[in-house]
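What follows is the content of input.pdb (PDB, C-alpha atoms and all ligand atoms).
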```
ATOM      1  CA  MET A 263    -154.469 -81.802 -41.834  1.00  0.00           C
ATOM      2  CA  GLN A 264    -153.369 -80.894 -38.352  1.00  0.00           C
ATOM      3  CA  SER A 265    -152.558 -83.586 -35.848  1.00  0.00           C
ATOM      4  CA  SER A 266    -154.076 -81.492 -33.072  1.00  0.00           C
ATOM      5  CA  LEU A 267    -156.659 -78.941 -34.106  1.00  0.00           C
ATOM      6  CA  PRO A 268    -158.231 -77.037 -31.236  1.00  0.00           C
ATOM      7  CA  ASP A 269    -161.756 -75.683 -31.811  1.00  0.00           C
ATOM      8  CA  LYS A 270    -160.926 -72.416 -30.122  1.00  0.00           C
ATOM      9  CA  ILE A 271    -157.360 -71.244 -30.396  1.00  0.00           C
ATOM     10  CA  HIS A 272    -155.149 -68.938 -28.367  1.00  0.00           C
ATOM     11  CA  ALA A 273    -153.963 -66.174 -30.679  1.00  0.00           C
ATOM     12  CA  ALA A 274    -151.422 -63.583 -29.580  1.00  0.00           C
ATOM     13  CA  LEU A 275    -150.890 -60.316 -31.394  1.00  0.00           C
ATOM     14  CA  ILE A 276    -147.940 -57.948 -31.591  1.00  0.00           C
ATOM     15  CA  MET A 277    -149.516 -54.675 -32.663  1.00  0.00           C
ATOM     16  CA  ASP A 278    -146.612 -52.970 -34.406  1.00  0.00           C
ATOM     17  CA  GLY A 279    -146.441 -50.057 -36.812  1.00  0.00           C
ATOM     18  CA  ASN A 280    -148.446 -47.286 -35.138  1.00  0.00           C
ATOM     19  CA  GLY A 281    -145.567 -44.800 -35.336  1.00  0.00           C
ATOM     20  CA  ARG A 282    -144.858 -45.488 -39.025  1.00  0.00           C
ATOM     21  CA  TRP A 283    -148.553 -45.263 -39.836  1.00  0.00           C
ATOM     22  CA  ALA A 284    -148.641 -41.797 -38.289  1.00  0.00           C
ATOM     23  CA  ALA A 285    -145.354 -40.656 -39.876  1.00  0.00           C
ATOM     24  CA  ARG A 286    -146.639 -41.564 -43.352  1.00  0.00           C
ATOM     25  CA  ARG A 287    -149.521 -39.194 -42.745  1.00  0.00           C
ATOM     26  CA  GLY A 288    -147.428 -36.406 -41.247  1.00  0.00           C
ATOM     27  CA  LEU A 289    -149.084 -36.991 -37.873  1.00  0.00           C
ATOM     28  CA  PRO A 290    -147.550 -37.302 -34.400  1.00  0.00           C
ATOM     29  CA  ARG A 291    -146.807 -40.858 -33.211  1.00  0.00           C
ATOM     30  CA  THR A 292    -149.610 -40.611 -30.662  1.00  0.00           C
ATOM     31  CA  ALA A 293    -152.115 -40.308 -33.511  1.00  0.00           C
ATOM     32  CA  GLY A 294    -150.858 -43.699 -34.688  1.00  0.00           C
ATOM     33  CA  HIS A 295    -151.380 -45.168 -31.229  1.00  0.00           C
ATOM     34  CA  GLU A 296    -154.879 -43.740 -31.137  1.00  0.00           C
ATOM     35  CA  ALA A 297    -155.650 -45.297 -34.518  1.00  0.00           C
ATOM     36  CA  GLY A 298    -154.161 -48.490 -33.060  1.00  0.00           C
ATOM     37  CA  THR A 299    -156.822 -48.546 -30.357  1.00  0.00           C
ATOM     38  CA  HIS A 300    -159.514 -48.557 -33.066  1.00  0.00           C
ATOM     39  CA  ALA A 301    -157.805 -51.533 -34.703  1.00  0.00           C
ATOM     40  CA  ALA A 302    -157.678 -53.300 -31.329  1.00  0.00           C
ATOM     41  CA  ARG A 303    -161.424 -52.783 -30.918  1.00  0.00           C
ATOM     42  CA  ARG A 304    -162.109 -54.249 -34.399  1.00  0.00           C
ATOM     43  CA  ILE A 305    -159.940 -57.278 -33.738  1.00  0.00           C
ATOM     44  CA  VAL A 306    -161.452 -58.050 -30.339  1.00  0.00           C
ATOM     45  CA  ALA A 307    -164.927 -57.883 -31.916  1.00  0.00           C
ATOM     46  CA  ALA A 308    -163.878 -60.216 -34.752  1.00  0.00           C
ATOM     47  CA  ALA A 309    -161.990 -62.743 -32.623  1.00  0.00           C
ATOM     48  CA  PRO A 310    -164.798 -65.092 -31.425  1.00  0.00           C
ATOM     49  CA  ALA A 311    -166.176 -65.614 -34.950  1.00  0.00           C
ATOM     50  CA  ALA A 312    -162.632 -66.262 -36.182  1.00  0.00           C
ATOM     51  CA  GLY A 313    -162.407 -69.244 -33.812  1.00  0.00           C
ATOM     52  CA  ILE A 314    -160.319 -67.550 -31.148  1.00  0.00           C
ATOM     53  CA  GLY A 315    -161.032 -68.437 -27.513  1.00  0.00           C
ATOM     54  CA  THR A 316    -158.114 -66.575 -25.962  1.00  0.00           C
ATOM     55  CA  LEU A 317    -156.624 -63.410 -27.447  1.00  0.00           C
ATOM     56  CA  THR A 318    -153.519 -61.801 -25.975  1.00  0.00           C
ATOM     57  CA  LEU A 319    -152.603 -58.291 -27.163  1.00  0.00           C
ATOM     58  CA  TYR A 320    -149.167 -56.773 -26.563  1.00  0.00           C
ATOM     59  CA  ALA A 321    -149.926 -53.183 -25.594  1.00  0.00           C
ATOM     60  CA  PHE A 322    -146.833 -52.058 -23.664  1.00  0.00           C
ATOM     61  CA  SER A 323    -143.606 -53.899 -22.930  1.00  0.00           C
ATOM     62  CA  CYS A 324    -141.256 -53.402 -19.993  1.00  0.00           C
ATOM     63  CA  ASP A 325    -138.788 -52.018 -22.534  1.00  0.00           C
ATOM     64  CA  ASN A 326    -141.290 -49.432 -23.797  1.00  0.00           C
ATOM     65  CA  TRP A 327    -140.559 -47.308 -20.696  1.00  0.00           C
ATOM     66  CA  ALA A 328    -137.433 -46.270 -22.606  1.00  0.00           C
ATOM     67  CA  ARG A 329    -139.559 -44.210 -25.027  1.00  0.00           C
ATOM     68  CA  PRO A 330    -139.838 -40.425 -24.544  1.00  0.00           C
ATOM     69  CA  ALA A 331    -141.856 -39.536 -21.440  1.00  0.00           C
ATOM     70  CA  ALA A 332    -144.491 -37.721 -23.509  1.00  0.00           C
ATOM     71  CA  GLU A 333    -145.132 -40.821 -25.640  1.00  0.00           C
ATOM     72  CA  VAL A 334    -145.278 -43.049 -22.552  1.00  0.00           C
ATOM     73  CA  SER A 335    -147.821 -40.849 -20.806  1.00  0.00           C
ATOM     74  CA  ALA A 336    -149.888 -40.547 -23.992  1.00  0.00           C
ATOM     75  CA  LEU A 337    -149.881 -44.355 -24.263  1.00  0.00           C
ATOM     76  CA  MET A 338    -150.928 -44.725 -20.612  1.00  0.00           C
ATOM     77  CA  ALA A 339    -153.749 -42.218 -21.130  1.00  0.00           C
ATOM     78  CA  LEU A 340    -154.898 -44.072 -24.253  1.00  0.00           C
ATOM     79  CA  LEU A 341    -154.797 -47.413 -22.454  1.00  0.00           C
ATOM     80  CA  SER A 342    -156.863 -46.309 -19.461  1.00  0.00           C
ATOM     81  CA  HIS A 343    -159.291 -44.522 -21.788  1.00  0.00           C
ATOM     82  CA  PHE A 344    -159.616 -47.683 -23.899  1.00  0.00           C
ATOM     83  CA  LEU A 345    -160.177 -49.913 -20.866  1.00  0.00           C
ATOM     84  CA  LEU A 346    -162.819 -47.653 -19.343  1.00  0.00           C
ATOM     85  CA  LYS A 347    -164.592 -47.012 -22.641  1.00  0.00           C
ATOM     86  CA  GLU A 348    -164.661 -50.634 -23.771  1.00  0.00           C
ATOM     87  CA  THR A 349    -165.518 -52.355 -20.482  1.00  0.00           C
ATOM     88  CA  GLU A 350    -169.297 -52.144 -20.835  1.00  0.00           C
ATOM     89  CA  ASP A 351    -169.295 -53.411 -24.428  1.00  0.00           C
ATOM     90  CA  LEU A 352    -166.887 -56.211 -23.535  1.00  0.00           C
ATOM     91  CA  ALA A 353    -169.133 -57.317 -20.672  1.00  0.00           C
ATOM     92  CA  LYS A 354    -172.180 -57.267 -22.965  1.00  0.00           C
ATOM     93  CA  ALA A 355    -170.323 -59.310 -25.586  1.00  0.00           C
ATOM     94  CA  GLY A 356    -169.409 -61.938 -22.976  1.00  0.00           C
ATOM     95  CA  VAL A 357    -165.701 -61.129 -23.062  1.00  0.00           C
ATOM     96  CA  ARG A 358    -163.608 -61.753 -19.964  1.00  0.00           C
ATOM     97  CA  ALA A 359    -160.807 -59.207 -20.017  1.00  0.00           C
ATOM     98  CA  SER A 360    -157.680 -59.331 -17.908  1.00  0.00           C
ATOM     99  CA  VAL A 361    -154.258 -57.742 -17.880  1.00  0.00           C
ATOM    100  CA  ILE A 362    -150.880 -59.448 -17.628  1.00  0.00           C
ATOM    101  CA  GLY A 363    -147.624 -57.780 -16.648  1.00  0.00           C
ATOM    102  CA  ARG A 364    -146.423 -55.664 -13.756  1.00  0.00           C
ATOM    103  CA  ARG A 365    -148.892 -53.346 -12.080  1.00  0.00           C
ATOM    104  CA  ASP A 366    -146.663 -51.611  -9.544  1.00  0.00           C
ATOM    105  CA  ARG A 367    -145.120 -49.176 -12.053  1.00  0.00           C
ATOM    106  CA  LEU A 368    -148.381 -48.188 -13.766  1.00  0.00           C
ATOM    107  CA  PRO A 369    -150.035 -44.831 -13.060  1.00  0.00           C
ATOM    108  CA  GLY A 370    -152.965 -45.059 -10.629  1.00  0.00           C
ATOM    109  CA  HIS A 371    -155.505 -44.211 -13.366  1.00  0.00           C
ATOM    110  CA  VAL A 372    -154.378 -47.235 -15.386  1.00  0.00           C
ATOM    111  CA  ARG A 373    -154.475 -49.558 -12.355  1.00  0.00           C
ATOM    112  CA  ASP A 374    -157.986 -48.327 -11.497  1.00  0.00           C
ATOM    113  CA  ALA A 375    -159.177 -48.893 -15.060  1.00  0.00           C
ATOM    114  CA  ILE A 376    -157.701 -52.420 -15.042  1.00  0.00           C
ATOM    115  CA  ASP A 377    -159.378 -53.271 -11.714  1.00  0.00           C
ATOM    116  CA  TRP A 378    -162.731 -52.060 -13.008  1.00  0.00           C
ATOM    117  CA  MET A 379    -162.474 -53.897 -16.321  1.00  0.00           C
ATOM    118  CA  GLU A 380    -161.398 -57.175 -14.698  1.00  0.00           C
ATOM    119  CA  ARG A 381    -164.194 -57.051 -12.111  1.00  0.00           C
ATOM    120  CA  ARG A 382    -166.929 -56.021 -14.551  1.00  0.00           C
ATOM    121  CA  THR A 383    -166.058 -58.655 -17.179  1.00  0.00           C
ATOM    122  CA  SER A 384    -165.166 -61.568 -14.899  1.00  0.00           C
ATOM    123  CA  GLU A 385    -168.225 -63.626 -15.946  1.00  0.00           C
ATOM    124  CA  GLY A 386    -167.498 -63.497 -19.690  1.00  0.00           C
ATOM    125  CA  ARG A 387    -167.152 -66.831 -21.496  1.00  0.00           C
ATOM    126  CA  ALA A 388    -167.238 -65.946 -25.213  1.00  0.00           C
ATOM    127  CA  LEU A 389    -163.592 -64.829 -25.306  1.00  0.00           C
ATOM    128  CA  HIS A 390    -160.743 -64.367 -22.853  1.00  0.00           C
ATOM    129  CA  LEU A 391    -159.072 -61.108 -23.821  1.00  0.00           C
ATOM    130  CA  ARG A 392    -155.687 -60.554 -22.208  1.00  0.00           C
ATOM    131  CA  ILE A 393    -153.881 -57.266 -22.559  1.00  0.00           C
ATOM    132  CA  ALA A 394    -150.159 -57.246 -21.811  1.00  0.00           C
ATOM    133  CA  ILE A 395    -149.105 -53.988 -20.137  1.00  0.00           C
ATOM    134  CA  ASP A 396    -145.623 -53.458 -18.654  1.00  0.00           C
ATOM    135  CA  TYR A 397    -145.018 -57.035 -19.751  1.00  0.00           C
ATOM    136  CA  SER A 398    -141.809 -58.999 -20.349  1.00  0.00           C
ATOM    137  CA  GLY A 399    -141.678 -62.686 -21.239  1.00  0.00           C
ATOM    138  CA  ARG A 400    -138.267 -63.083 -19.649  1.00  0.00           C
ATOM    139  CA  GLN A 401    -139.449 -61.389 -16.448  1.00  0.00           C
ATOM    140  CA  SER A 402    -142.459 -63.744 -16.300  1.00  0.00           C
ATOM    141  CA  ILE A 403    -140.170 -66.755 -16.537  1.00  0.00           C
ATOM    142  CA  LEU A 404    -137.841 -65.298 -13.922  1.00  0.00           C
ATOM    143  CA  ALA A 405    -140.749 -64.625 -11.535  1.00  0.00           C
ATOM    144  CA  ALA A 406    -141.945 -68.211 -11.988  1.00  0.00           C
ATOM    145  CA  ALA A 407    -138.436 -69.497 -11.233  1.00  0.00           C
ATOM    146  CA  HIS A 408    -138.458 -67.501  -7.972  1.00  0.00           C
ATOM    147  CA  ALA A 409    -141.946 -68.777  -7.104  1.00  0.00           C
ATOM    148  CA  ALA A 410    -140.901 -72.359  -7.763  1.00  0.00           C
ATOM    149  CA  ALA A 411    -138.025 -71.810  -5.316  1.00  0.00           C
ATOM    150  CA  GLY A 412    -136.143 -74.969  -6.142  1.00  0.00           C
ATOM    151  CA  ALA A 413    -139.205 -77.244  -6.327  1.00  0.00           C
ATOM    152  CA  ALA A 414    -138.810 -80.004  -8.915  1.00  0.00           C
ATOM    153  CA  LEU A 415    -141.727 -78.973 -11.144  1.00  0.00           C
ATOM    154  CA  ASP A 416    -142.424 -80.561 -14.504  1.00  0.00           C
ATOM    155  CA  ALA A 417    -142.886 -78.323 -17.550  1.00  0.00           C
ATOM    156  CA  ASP A 418    -146.679 -78.188 -17.216  1.00  0.00           C
ATOM    157  CA  ALA A 419    -146.585 -77.163 -13.554  1.00  0.00           C
ATOM    158  CA  PHE A 420    -143.845 -74.604 -14.207  1.00  0.00           C
ATOM    159  CA  GLY A 421    -145.779 -73.320 -17.210  1.00  0.00           C
ATOM    160  CA  ARG A 422    -148.797 -72.674 -15.008  1.00  0.00           C
ATOM    161  CA  LEU A 423    -146.583 -70.451 -12.860  1.00  0.00           C
ATOM    162  CA  VAL A 424    -145.341 -68.576 -15.911  1.00  0.00           C
ATOM    163  CA  ALA A 425    -148.591 -68.179 -17.786  1.00  0.00           C
ATOM    164  CA  GLY A 426    -151.376 -68.559 -15.227  1.00  0.00           C
ATOM    165  CA  ALA A 427    -153.392 -71.638 -14.374  1.00  0.00           C
ATOM    166  CA  ASP A 428    -156.173 -71.255 -16.932  1.00  0.00           C
ATOM    167  CA  VAL A 429    -154.211 -70.053 -19.937  1.00  0.00           C
ATOM    168  CA  PRO A 430    -153.580 -72.427 -22.850  1.00  0.00           C
ATOM    169  CA  PRO A 431    -150.311 -72.241 -24.806  1.00  0.00           C
ATOM    170  CA  VAL A 432    -150.276 -69.846 -27.734  1.00  0.00           C
ATOM    171  CA  ASP A 433    -151.373 -71.571 -30.948  1.00  0.00           C
ATOM    172  CA  LEU A 434    -150.846 -68.651 -33.303  1.00  0.00           C
ATOM    173  CA  LEU A 435    -148.632 -65.601 -32.887  1.00  0.00           C
ATOM    174  CA  ILE A 436    -149.380 -62.794 -35.325  1.00  0.00           C
ATOM    175  CA  ARG A 437    -147.125 -59.773 -35.717  1.00  0.00           C
ATOM    176  CA  ALA A 438    -148.356 -56.792 -37.711  1.00  0.00           C
ATOM    177  CA  GLY A 439    -146.067 -54.064 -39.033  1.00  0.00           C
ATOM    178  CA  GLY A 440    -143.575 -56.035 -41.110  1.00  0.00           C
ATOM    179  CA  GLU A 441    -140.921 -56.829 -38.510  1.00  0.00           C
ATOM    180  CA  LYS A 442    -140.070 -60.456 -37.751  1.00  0.00           C
ATOM    181  CA  ARG A 443    -139.172 -60.797 -34.105  1.00  0.00           C
ATOM    182  CA  LEU A 444    -140.738 -61.817 -30.780  1.00  0.00           C
ATOM    183  CA  SER A 445    -139.796 -58.714 -28.756  1.00  0.00           C
ATOM    184  CA  ASP A 446    -139.869 -60.556 -25.401  1.00  0.00           C
ATOM    185  CA  PHE A 447    -143.534 -61.553 -25.810  1.00  0.00           C
ATOM    186  CA  LEU A 448    -144.902 -64.802 -24.293  1.00  0.00           C
ATOM    187  CA  LEU A 449    -141.601 -66.631 -24.703  1.00  0.00           C
ATOM    188  CA  TRP A 450    -142.621 -69.730 -22.738  1.00  0.00           C
ATOM    189  CA  GLU A 451    -146.190 -69.805 -24.011  1.00  0.00           C
ATOM    190  CA  CYS A 452    -145.058 -69.618 -27.656  1.00  0.00           C
ATOM    191  CA  ALA A 453    -142.884 -72.751 -27.513  1.00  0.00           C
ATOM    192  CA  TYR A 454    -144.929 -74.375 -30.318  1.00  0.00           C
ATOM    193  CA  ALA A 455    -146.819 -71.366 -31.628  1.00  0.00           C
ATOM    194  CA  GLU A 456    -147.250 -71.056 -35.363  1.00  0.00           C
ATOM    195  CA  LEU A 457    -145.861 -67.712 -36.478  1.00  0.00           C
ATOM    196  CA  SER A 458    -147.601 -65.299 -38.818  1.00  0.00           C
ATOM    197  CA  PHE A 459    -145.927 -62.086 -39.943  1.00  0.00           C
ATOM    198  CA  CYS A 460    -148.033 -59.481 -41.673  1.00  0.00           C
ATOM    199  CA  ASP A 461    -146.697 -56.368 -43.418  1.00  0.00           C
ATOM    200  CA  VAL A 462    -149.816 -54.330 -42.704  1.00  0.00           C
ATOM    201  CA  LEU A 463    -149.228 -51.576 -40.135  1.00  0.00           C
ATOM    202  CA  TRP A 464    -151.315 -52.165 -37.020  1.00  0.00           C
ATOM    203  CA  PRO A 465    -153.783 -49.266 -37.451  1.00  0.00           C
ATOM    204  CA  ASP A 466    -154.732 -50.758 -40.853  1.00  0.00           C
ATOM    205  CA  PHE A 467    -155.070 -54.308 -39.504  1.00  0.00           C
ATOM    206  CA  CYS A 468    -158.653 -55.521 -39.789  1.00  0.00           C
ATOM    207  CA  ALA A 469    -160.841 -58.617 -39.415  1.00  0.00           C
ATOM    208  CA  ALA A 470    -159.876 -59.868 -42.895  1.00  0.00           C
ATOM    209  CA  HIS A 471    -156.185 -59.948 -41.921  1.00  0.00           C
ATOM    210  CA  LEU A 472    -157.028 -61.824 -38.732  1.00  0.00           C
ATOM    211  CA  GLU A 473    -159.209 -64.323 -40.592  1.00  0.00           C
ATOM    212  CA  ALA A 474    -156.505 -64.890 -43.230  1.00  0.00           C
ATOM    213  CA  ALA A 475    -153.920 -65.606 -40.523  1.00  0.00           C
ATOM    214  CA  VAL A 476    -156.255 -68.061 -38.767  1.00  0.00           C
ATOM    215  CA  ALA A 477    -157.159 -69.775 -42.064  1.00  0.00           C
ATOM    216  CA  ASP A 478    -153.463 -70.208 -42.857  1.00  0.00           C
ATOM    217  CA  PHE A 479    -152.912 -71.568 -39.332  1.00  0.00           C
ATOM    218  CA  ARG A 480    -155.752 -74.091 -39.785  1.00  0.00           C
ATOM    219  CA  GLY A 481    -153.961 -75.463 -42.830  1.00  0.00           C
ATOM    220  CA  ARG A 482    -150.654 -76.027 -41.072  1.00  0.00           C
ATOM    221  CA  GLU A 483    -149.566 -79.382 -39.758  1.00  0.00           C
ATOM    222  CA  ARG A 484    -148.576 -79.106 -36.115  1.00  0.00           C
ATOM    223  CA  ARG A 485    -146.237 -81.865 -35.081  1.00  0.00           C
ATOM    224  CA  PHE A 486    -144.969 -80.668 -31.688  1.00  0.00           C
ATOM    225  CA  GLY A 487    -141.636 -82.292 -32.409  1.00  0.00           C
ATOM    226  CA  ALA A 488    -143.125 -85.641 -33.491  1.00  0.00           C
ATOM    227  CA  LEU A 489    -143.371 -87.036 -37.032  1.00  0.00           C
ATOM    228  CA  PRO A 490    -146.135 -86.216 -39.544  1.00  0.00           C
ATOM    229  CA  SER A 491    -149.308 -88.188 -38.758  1.00  0.00           C
ATOM    230  CA  ALA A 492    -149.004 -90.263 -42.023  1.00  0.00           C
ATOM    231  CA  ALA A 493    -145.384 -91.314 -41.298  1.00  0.00           C
TER
HETATM  232  C1  LIG B   1    -146.174 -50.374 -31.554  1.00  0.00           C
HETATM  233  O1  LIG B   1    -146.140 -49.329 -32.457  1.00  0.00           O
HETATM  234  C2  LIG B   1    -147.268 -50.363 -30.680  1.00  0.00           C
HETATM  235  C3  LIG B   1    -147.170 -50.204 -29.336  1.00  0.00           C
HETATM  236  C4  LIG B   1    -146.037 -49.665 -28.587  1.00  0.00           C
HETATM  237  C5  LIG B   1    -148.266 -50.670 -28.539  1.00  0.00           C
HETATM  238  C6  LIG B   1    -149.349 -49.687 -28.359  1.00  0.00           C
HETATM  239  C7  LIG B   1    -150.545 -50.215 -28.976  1.00  0.00           C
HETATM  240  C8  LIG B   1    -151.666 -49.581 -28.991  1.00  0.00           C
HETATM  241  C9  LIG B   1    -151.865 -48.262 -28.386  1.00  0.00           C
HETATM  242  C10 LIG B   1    -152.772 -50.250 -29.657  1.00  0.00           C
HETATM  243  C11 LIG B   1    -153.948 -50.310 -28.786  1.00  0.00           C
HETATM  244  C12 LIG B   1    -153.947 -51.428 -27.889  1.00  0.00           C
HETATM  245  C13 LIG B   1    -154.848 -51.594 -26.943  1.00  0.00           C
HETATM  246  C14 LIG B   1    -154.920 -52.850 -26.172  1.00  0.00           C
HETATM  247  C15 LIG B   1    -155.802 -50.542 -26.605  1.00  0.00           C
HETATM  248  P1  LIG B   1    -144.751 -48.580 -32.606  1.00  0.00           P
HETATM  249  O2  LIG B   1    -144.876 -47.306 -31.881  1.00  0.00           O
HETATM  250  O3  LIG B   1    -143.619 -49.443 -32.159  1.00  0.00           O
HETATM  251  O4  LIG B   1    -144.708 -48.404 -34.163  1.00  0.00           O
HETATM  252  P2  LIG B   1    -143.425 -48.204 -35.083  1.00  0.00           P
HETATM  253  O5  LIG B   1    -142.687 -49.523 -35.104  1.00  0.00           O
HETATM  254  O6  LIG B   1    -144.040 -47.874 -36.400  1.00  0.00           O
HETATM  255  O7  LIG B   1    -142.635 -47.078 -34.492  1.00  0.00           O
END
```

Encoded form (structure tokens):
Amino acid sequence: MQSSLPDKIHAALIMDGNGRWAARRGLPRTAGHEAGTHAARRIVAAAPAAGIGTLTLYAFSCDNWARPAAEVSALMALLSHFLLKETEDLAKAGVRASVIGRRDRLPGHVRDAIDWMERRTSEGRALHLRIAIDYSGRQSILAAAHAAAGAALDADAFGRLVAGADVPPVDLLIRAGGEKRLSDFLLWECAYAELSFCDVLWPDFCAAHLEAAVADFRGRERRFGALPSAA
């Protein structure tokens, strides 16, 4: 049905709803974030079999620094714990894991965990897992514009500056948690992404939700601005 159907897709995930998940249980928001890390582990494990070659997870945006300091430091602690704890299993599963976003504002323990994870998993070929931390789509585009410094680049060359040389455009953007917005995530890379909004709160998101989103994506006709293939 699709005019261009990649074997292995780039899926990007906005993991929203941790706070509401916790509130519904009378728990602190951080308990929701912790449950969110378990969901992230499930989804990374399920991604290769779901036909995903690149998976980008939105863990912490540049705007998330505006949250209360206690929530921010709990999130940072959870992130470095997750990276350190998962690295060995990711390496064994053939996952290459990397982080996008600013590093200079992250606590040292998070930067160390990122360095270790990226080095230890650099040979992985089964899946490229990218975790966005202190990330802003607009800032990425701005940084690329500075790097281009007036050079007359075409969209592909400029896109490599925005997204990285080896990163395909996003095919499918999934947002859990019921909201319908992009929240400054992968703005350039999502130019022709198919959008999938799911009401399930992120801690409850599981492989079946991922597979349903990918199956729906596989049935869509992607035209990239052209006419339907039969026209
Ligand atoms: C949004 O929930 C989620 C985040 C701010 C991202 C944090 C995500 C995790 C900790 C999941 C684990 C991810 C990795 C890669 C280990 P929210 O707080 O905005 O929820 P709300 O909309 O219900 O308040």

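Each of A:Ala273, A:Ile376, A:Leu317, A:Ile362 was checked against A:Leu341 using all atoms listed in the file; the smallest atom-to-atom distance is that of A:Ile376.
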
* To do: Starting from the shown file, work through the PyMOL selection byres (((chain A and resi 433) around 12) and not hetatm) and note down what comes out as a VMD selection string.
  => chain A and resid 266 to 275 313 to 318 429 to 432 434 to 436 448 451 to 458 475 to 476 479 to 480 482 to 484 486

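Around ligand LIG 1 (chain B), the neighbouring residues within 7 Å, taking all atoms listed in the file, come to Met277, Asp278, Gly279, Asn280, Gly281, Arg282, Trp283, Arg291, His295, Glu296, Gly298, Thr299, Ala302, Leu319, Tyr320, Ala321, Phe322, Asn326, Leu337, Leu340, Leu341, Phe344, Ile393 and Gly439 of chain A.
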
File of the preceding selection, C-alpha atoms, as a compact mmCIF listing (two decimals), in the coordinates of the input:
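Output file selection.txt follows:
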```txt
# COMPACT_ATOMS: atom_id res chain seq x y z
CA MET A 277 -149.52 -54.68 -32.66
CA ASP A 278 -146.61 -52.97 -34.41
CA GLY A 279 -146.44 -50.06 -36.81
CA ASN A 280 -148.45 -47.29 -35.14
CA GLY A 281 -145.57 -44.80 -35.34
CA ARG A 282 -144.86 -45.49 -39.02
CA TRP A 283 -148.55 -45.26 -39.84
CA ARG A 291 -146.81 -40.86 -33.21
CA HIS A 295 -151.38 -45.17 -31.23
CA GLU A 296 -154.88 -43.74 -31.14
CA GLY A 298 -154.16 -48.49 -33.06
CA THR A 299 -156.82 -48.55 -30.36
CA ALA A 302 -157.68 -53.30 -31.33
CA LEU A 319 -152.60 -58.29 -27.16
CA TYR A 320 -149.17 -56.77 -26.56
CA ALA A 321 -149.93 -53.18 -25.59
CA PHE A 322 -146.83 -52.06 -23.66
CA ASN A 326 -141.29 -49.43 -23.80
CA LEU A 337 -149.88 -44.36 -24.26
CA LEU A 340 -154.90 -44.07 -24.25
CA LEU A 341 -154.80 -47.41 -22.45
CA PHE A 344 -159.62 -47.68 -23.90
CA ILE A 393 -153.88 -57.27 -22.56
CA GLY A 439 -146.07 -54.06 -39.03
```

* Structure fact -> What separates atom CA of A:Ala405 and atom CA of A:Ala331 is a distance of 27.0 Å

* 12 Å contact set for A:Asp428, all atoms listed in the file, chain neighbours under 4 positions out, as a PyMOL selection string -> chain A and resi 272+315-316+390+392+418-419+421-424

* **Nearest candidate to A:Leu368 (options A:Asp325, A:Asp416, A:Asp396, A:Glu473; using only C-alpha atoms)** =>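 Closest to A:Leu368 of all the choices is A:Asp396.
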